[in-house]
Each structure stands twice: as C-alpha cells, then as structure tokens.
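Colleague: Let me give you the structure first, and then I'll get to my questions.
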Amino acid sequence: MRTKRREFLKVAGLGALAFPMAGSLGLPVSQSSAGKGATPGFQALEKDGQRRPNIIVILADDLGYADVGFNGCQDIATPNMDALAKNGVRCANGYVSHPFCSPTRAGLMTGRYQQRFGHENNPAWLPEDTKVGLPLTETFLAKHLRAAGYVTGALGKWHLGAAPCFHPNERGFVEYFGFLGGGHMYLPDEKNPLPVSKTWQVEYRIPLSRNKEAVTHTGYMTDLLSDEAVAFVGRHKAEPFFLYLAYNAVHTPLQAPEKYMARFPHIADEKRRTYAAMNSAMDDGIGAVVAALREHGLERDTLIFFLSDNGGPITVVPCSNAPLRGGKGQVFEGGIHVPFIACWPGKLPAGAVYNEPVSSLDLLPTALALAGAPPPDKPLDGVNLIPFLCGENKTAPHARLFWRTGGGTAWAVREGRYKLLKNTGEKQPQLYDLDADLGEQRDRAAEQPDVVQRLTASFEAWNAQLIPPRWEGPKSARKKQMPRKKEPRHVDPTP
Ligand code: CA
C-alpha cells in the first residue's frame, strides 16, 4: 500500500494538485485560509498554461446499488461504469443527502443539507408556482463555477422547480438541454406505446427544452443526452467546463429500444430486461463521454463523479440494492447508500476503494477548490474530497452524516461504524453497526443505550438547525387539489 501510494505521488506529482488556490490541499473550502472575497489564483494559473480541471457530474436516477458491475452485478454488464471505477476511486460508503430525487439534487447543487432551506420534498409539477423550487436565496454550484470562469452545462432531468425563475439558465448554467420535471418519456410520443398515468400525461410529456426554447423530442432520451454531452465536451474543449449530466435513466417509465433489449436475452423477467437495457444505454453514454474526453486529450484534465440520486425503488422496479436493506424513500442504507465513483486519471488513485463515508454534499466544495473559486457566503456541509481520496488526509471527511425526511417523520445519523435511524410511523429508533452488519439486520439499540443516546443528541442538535419543508410532496399536494366529495344535492323544497 505504501509503495502504491509513493508511486501515485510520483506519477501524479502532488505538485499537480498544488494549485495556488483555496482548499485544494486538505482543508474543506469553508475552513481554508482564503477569506471571503479573496482573489483566487486561477488567472495566474491559466496564464502559466496550467489548465484547471473540468468537472463532470454524471447523476443516474434511481439506480440500484447492486446494478453496476463494480458493485457486483452479474446479469447487467456495465463496462464503462466499471472502467470509471478501475481508473478512479470507488467510494464504498458513498451517500446522497436524501433518499429521493429532488432534495438530493438540491443538496448536491448547494453543498448544503437541503433541509436548511426547506427543500425536503419533491416539487409538484407547478410551472406557475414561484414558491415550489430551490429557493433563490441559495447559490448553485454552476453559478459559483461560472463566476470562477467555467463554462457550465446541464443536461437531462432538472426537478428543482418548474417556474421560470428556477430555470437552469437562471441558476448558473449557460447551456441547458433537457426537461424541467421529475422524469420524462424516453421515446417521442408517436413511438410511445405505454399507457400513462395522469402525472405522466403532463409532466413526463412536456416538450424538451434547449435553454428556454421548446424542441422536438426525436430519439431515445438516454442517447440524446449522451450525444449532447459528447457535443458539449467537443464544443468547450479549450476552456474549463462543468457538465452536469443528469440522466433520467433508470427511473420509470421502463422503456428501451430493441437495440439495448437485445443485449439481455438471458434475463427472463421483461421488466428487469428493460431496466437492464436502460442501464446499458446509460453505460454506453458514459463510455461515449469518456471517449470524447480522450479524443480531445482531456481525460487527465477532467474529474468525473458518477453516482445515483437515491437507491433503487425495489418495490416498484426489479432492481437490486443488495446487500443493503430497503430502497428509495427510506433511510435504511438501500435508500441513501449509492454507487459512487470519483475518477480523475493521473490525479486520483486508480482502482482504489475509499471506505470512509462521503456524501453528495461534497461535490460542490471539491469542485470549488479545484476551480479556485472563493468560498461561498453560506456555510457548507460538504468538504473537498481530493485530499481524502488521495490519501493525503487520513482522517474521516465527516464526523457524522445526517438524513431527515417528512419534516422529521423519518431520520438517520451515521457516526463511524454506527447508524441510528427512525422510520416513519415508528416510535423507537434502531441502531446498527454497519461495519459488522451492512444489511441492517440486527438492531443493537437495547444493547448499546449509550450510543443511542449520543447519536440521538447529535441528530437533535443538527435537526434544530433546520426549517420545516417549504412545500408538500406532489402526492399530498394533489390530494388537496382534488375536488372534494360532492355535497348532497340540494333539493329545493319549494314546488
Ligand atoms: Ca431518483
């Protein structure tokens, strides 16, 4: 291990990481020596011909923990995702800050626990509502990077507010192609054989947008997003860029063209076969993006994060989070512990496994440190991961990680090997030793009341910093909007 480390330092040269900028060598951005408004060193850096790295975040939607080759999947080949793991660092304890879509994205984009600003539920599809979306008081990663001189692009699923004020172009993304809701049909309408629910009739069928212009949906969504990503890389090869590639794959509806379905004759279950095909299409897309980087000589100048926004929805889709318990929506590991890779050839170790818990909240501080951007005004909950993934900082990036859903109906805290969680509708929290019991099978709460007490206190201290959810989830909102039961017919007593 020592030799490997020495070799890495020799090859990568710590000098390659020693940009004259805040936070790149060990401290979280918020603790770095660069004060508020400090001039970052990037102008000098670029004058010297040293390029700041591109940053690509590839976010899968509802991808099962065990549905990628690098986490042991047997029936779906994911060679391109596996190549990211082989050429980068697999974060074996990679978490998202929420067990479902929109709040996770809110945390990722701000580097802050999204409950701090009330973004705790998915937004309903309300394009007229200027209150249901990531509050305008928060600053997006894209906006920070834009200010630091990066060109910024978002592709695919947005799900952070549908009103014009929440549009990606208003939040720091110079370029945007995708859809503003929580999902979309994968095929154009005329090729779409699926019966659709009422939600899907509207939200999942809105026209795609290029920036603020509606465009016709012409092909298989996953392929479209991959093609757009490849084009973005080519278009911006000469300047530092940030690309947010938010596939809606492998979220429902389950739809895949025969080209991908044909790869899985060994999967008998039609739903699993379609899910596999969707995942395979995404894997092809990731391969195409990496090939584009290689073609333009940018592979060693680009940090790629790959992760899922939450765990697989095991009760809805035949996906797998094994050996984790539960799935999307839950604070068991299956809801929040996701496939998570950081790949930066020549700079981060190749084929390494990092075991300390890391979070999607860490992406923003990492990106800002690499970009030489000054620390944001608001305190961050994430840290710059580079020194940790390089082995330069051997402590844990986080003393604790926290989760809360439903305004507190369910919550969890992880501290070292222990995780305390409370599910919706249950009174007593459960305690698990994740080092010994990753599948959360043996509740140790009764055996270790001291740990329960300590973790409960730390959760309560964190919880006291949060605000209630700013809006209800789409289901609750819809229920309220539904017409009330008809009043008994009024009978006019007069003749
Ligand atoms: Ca999701």
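Here, A, B, ... name the chains of the structure tokens in the order displayed, residue numbers run from 1 inside each chain, and ligands are numbered from 1 in the same displayed order.
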Enumerate as an MDAnalysis selection string the residues within 12 Å of ligand 1, counting only C-alpha atoms and all ligand atoms.
Modeller: chainID A and resid 59:64 96 98:105 122 157:159 181:183 246:252 307:313 327:329 335:336 338
Colleague: Need the shell around Leu187 of chain A: protein/DNA/RNA residues with any atom at most 8 Å away, counting only C-alpha atoms. Skip same-chain ones fewer than 2 positions apart. Format as a list in words?
Modeller: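 The contact residues come out as Met185, Asp189, Lys191, Asn192, His217, Thr218, Gly219, Tyr220, Met221 and Gln255 of chain A.
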Colleague: Given the selection you just returned, output its residues as a file containing C-alpha atoms, formatted as a PDB file, in the first residue's frame.
Modeller:
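Below you can see again.pdb, which holds the result:
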```
ATOM      1  CA  MET A 185     -40.928   9.641 -21.522  1.00  0.00           C
ATOM      2  CA  ASP A 189     -44.930  10.483 -28.234  1.00  0.00           C
ATOM      3  CA  LYS A 191     -43.432   5.863 -30.614  1.00  0.00           C
ATOM      4  CA  ASN A 192     -44.670   5.659 -27.100  1.00  0.00           C
ATOM      5  CA  HIS A 217     -38.171  15.013 -28.983  1.00  0.00           C
ATOM      6  CA  THR A 218     -36.572  12.968 -31.741  1.00  0.00           C
ATOM      7  CA  GLY A 219     -34.917   9.883 -30.300  1.00  0.00           C
ATOM      8  CA  TYR A 220     -34.310   7.707 -27.266  1.00  0.00           C
ATOM      9  CA  MET A 221     -33.809  10.061 -24.330  1.00  0.00           C
ATOM     10  CA  GLN A 255     -38.702   1.939 -21.871  1.00  0.00           C
TER      11      GLN A 255
END
```
Colleague: Got a sec to tell me which of segment 249-372 of chain A DSSP assigns to helix (DSSP H, G or I), as number ranges by chain?
Modeller: A: 258-261, 270-295, 299-301, 333-336, 360-371
Colleague: Nearest to Phe140 of chain A among A:Lys378, A:Lys86, A:Arg52, A:Lys427, with distances taken over only C-alpha atoms: which residue is it?
Modeller: A:Lys378
Colleague: For a quick check of understanding, using only C-alpha atoms, which of A:Leu84, A:Leu126, A:Ala92, A:Leu145 has the smallest distance to Pro375 of chain A?
Modeller: A:Leu145
Colleague: DSSP on the backbone: which residues in segment 79-235 of chain A end up as strand (DSSP E)? Give the answer as a PyMOL selection string.
Modeller: chain A and resi 89-91+94-95+151-157+175-179+208-210+213-215
Colleague: How would the residues just picked look written out with C-alpha atoms as a compact mmCIF listing (two decimals), in the first residue's frame?
Modeller:
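out04.txt, freshly written:
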```
# COMPACT_ATOMS: atom_id res chain seq x y z
CA VAL A 89 -11.76 5.69 -6.73
CA ARG A 90 -14.81 3.66 -5.75
CA CYS A 91 -16.35 5.22 -2.68
CA GLY A 94 -20.93 6.86 -0.84
CA TYR A 95 -24.12 8.55 0.32
CA VAL A 151 -18.47 27.31 -18.89
CA THR A 152 -21.40 25.39 -17.46
CA GLY A 153 -23.90 22.97 -18.95
CA ALA A 154 -26.84 20.97 -17.60
CA LEU A 155 -28.36 18.04 -19.43
CA GLY A 156 -31.44 15.98 -18.65
CA LYS A 157 -33.57 15.94 -15.56
CA GLU A 175 -26.28 25.80 -21.61
CA TYR A 176 -29.21 23.52 -20.89
CA PHE A 177 -30.91 20.71 -22.74
CA GLY A 178 -33.49 18.57 -21.02
CA PHE A 179 -36.77 18.67 -19.16
CA LEU A 208 -37.81 19.09 -24.27
CA SER A 209 -36.00 22.41 -23.96
CA ARG A 210 -32.79 23.78 -25.32
CA GLU A 213 -36.78 27.09 -26.34
CA ALA A 214 -39.01 24.06 -26.77
CA VAL A 215 -37.52 21.45 -29.07
```
Colleague: Can you tell me, as a CSV table (one decimal) with N, CA and C atoms, in the first residue's frame, what residues are no more than 10 Å from Lys237 of chain A when counting only C-alpha atoms, ignoring any on the same chain fewer than 3 positions away?
Modeller:
```
chain,number,residue,atom,x,y,z
A,54,ASN,N,-11.6,20.2,-15.7
A,54,ASN,CA,-13.1,20.2,-16.0
A,54,ASN,C,-13.7,19.3,-14.9
A,231,ALA,N,-21.2,16.4,-27.5
A,231,ALA,CA,-21.1,17.6,-28.2
A,231,ALA,C,-20.6,18.7,-27.3
A,232,PHE,N,-21.1,18.8,-26.1
A,232,PHE,CA,-20.7,19.8,-25.1
A,232,PHE,C,-19.2,19.7,-24.9
A,233,VAL,N,-18.6,18.5,-24.7
A,233,VAL,CA,-17.2,18.4,-24.5
A,233,VAL,C,-16.4,18.9,-25.7
A,234,GLY,N,-16.9,18.5,-26.9
A,234,GLY,CA,-16.1,19.0,-28.1
A,234,GLY,C,-16.2,20.5,-28.2
A,240,PRO,N,-12.1,25.6,-19.4
A,240,PRO,CA,-12.5,24.7,-18.3
A,240,PRO,C,-14.0,24.7,-18.2
A,241,PHE,N,-14.6,23.5,-18.1
A,241,PHE,CA,-16.0,23.4,-18.1
A,241,PHE,C,-16.6,22.5,-16.9
A,292,ALA,N,-14.9,10.9,-25.7
A,292,ALA,CA,-14.8,12.2,-26.2
A,292,ALA,C,-13.7,13.0,-25.5
A,293,LEU,N,-13.6,12.7,-24.2
A,293,LEU,CA,-12.5,13.4,-23.4
A,293,LEU,C,-11.2,12.9,-23.9
A,296,HIS,N,-10.2,14.4,-27.2
A,296,HIS,CA,-9.7,15.8,-27.2
A,296,HIS,C,-8.5,16.0,-26.2
A,297,GLY,N,-8.0,14.9,-25.7
A,297,GLY,CA,-6.8,15.0,-24.8
A,297,GLY,C,-7.2,15.5,-23.5
A,298,LEU,N,-8.4,15.3,-23.0
A,298,LEU,CA,-8.9,15.9,-21.8
A,298,LEU,C,-9.0,14.9,-20.6
```
Colleague: With only C-alpha atoms as the atoms that count, which of A:Glu333, A:Asp75, A:Glu258, A:Glu228 lies nearest to Ser97 of chain A?
Modeller: A:Glu333
Colleague: Taking 2 positions as the minimum chain separation for residues in the same chain, which residues sit within 12 Å of Glu426 of chain A when counting only C-alpha atoms? Answer as a list in words.
Modeller: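 Skipping anything fewer than 2 positions along the chain leaves Gly408, Thr409, Ala410, Trp411, Leu421, Lys422, Asn423, Thr424, Gln428, Pro429 and Gln430 of chain A.
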Colleague: Which of these, A:Leu303, A:Leu431, A:Leu245, A:Gly111, has the shortest distance to Gly285 of chain A once you count only C-alpha atoms?
Modeller: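 Going through A:Leu303, A:Leu431, A:Leu245, A:Gly111 one by one, the smallest distance to Gly285 of chain A is for A:Leu245.
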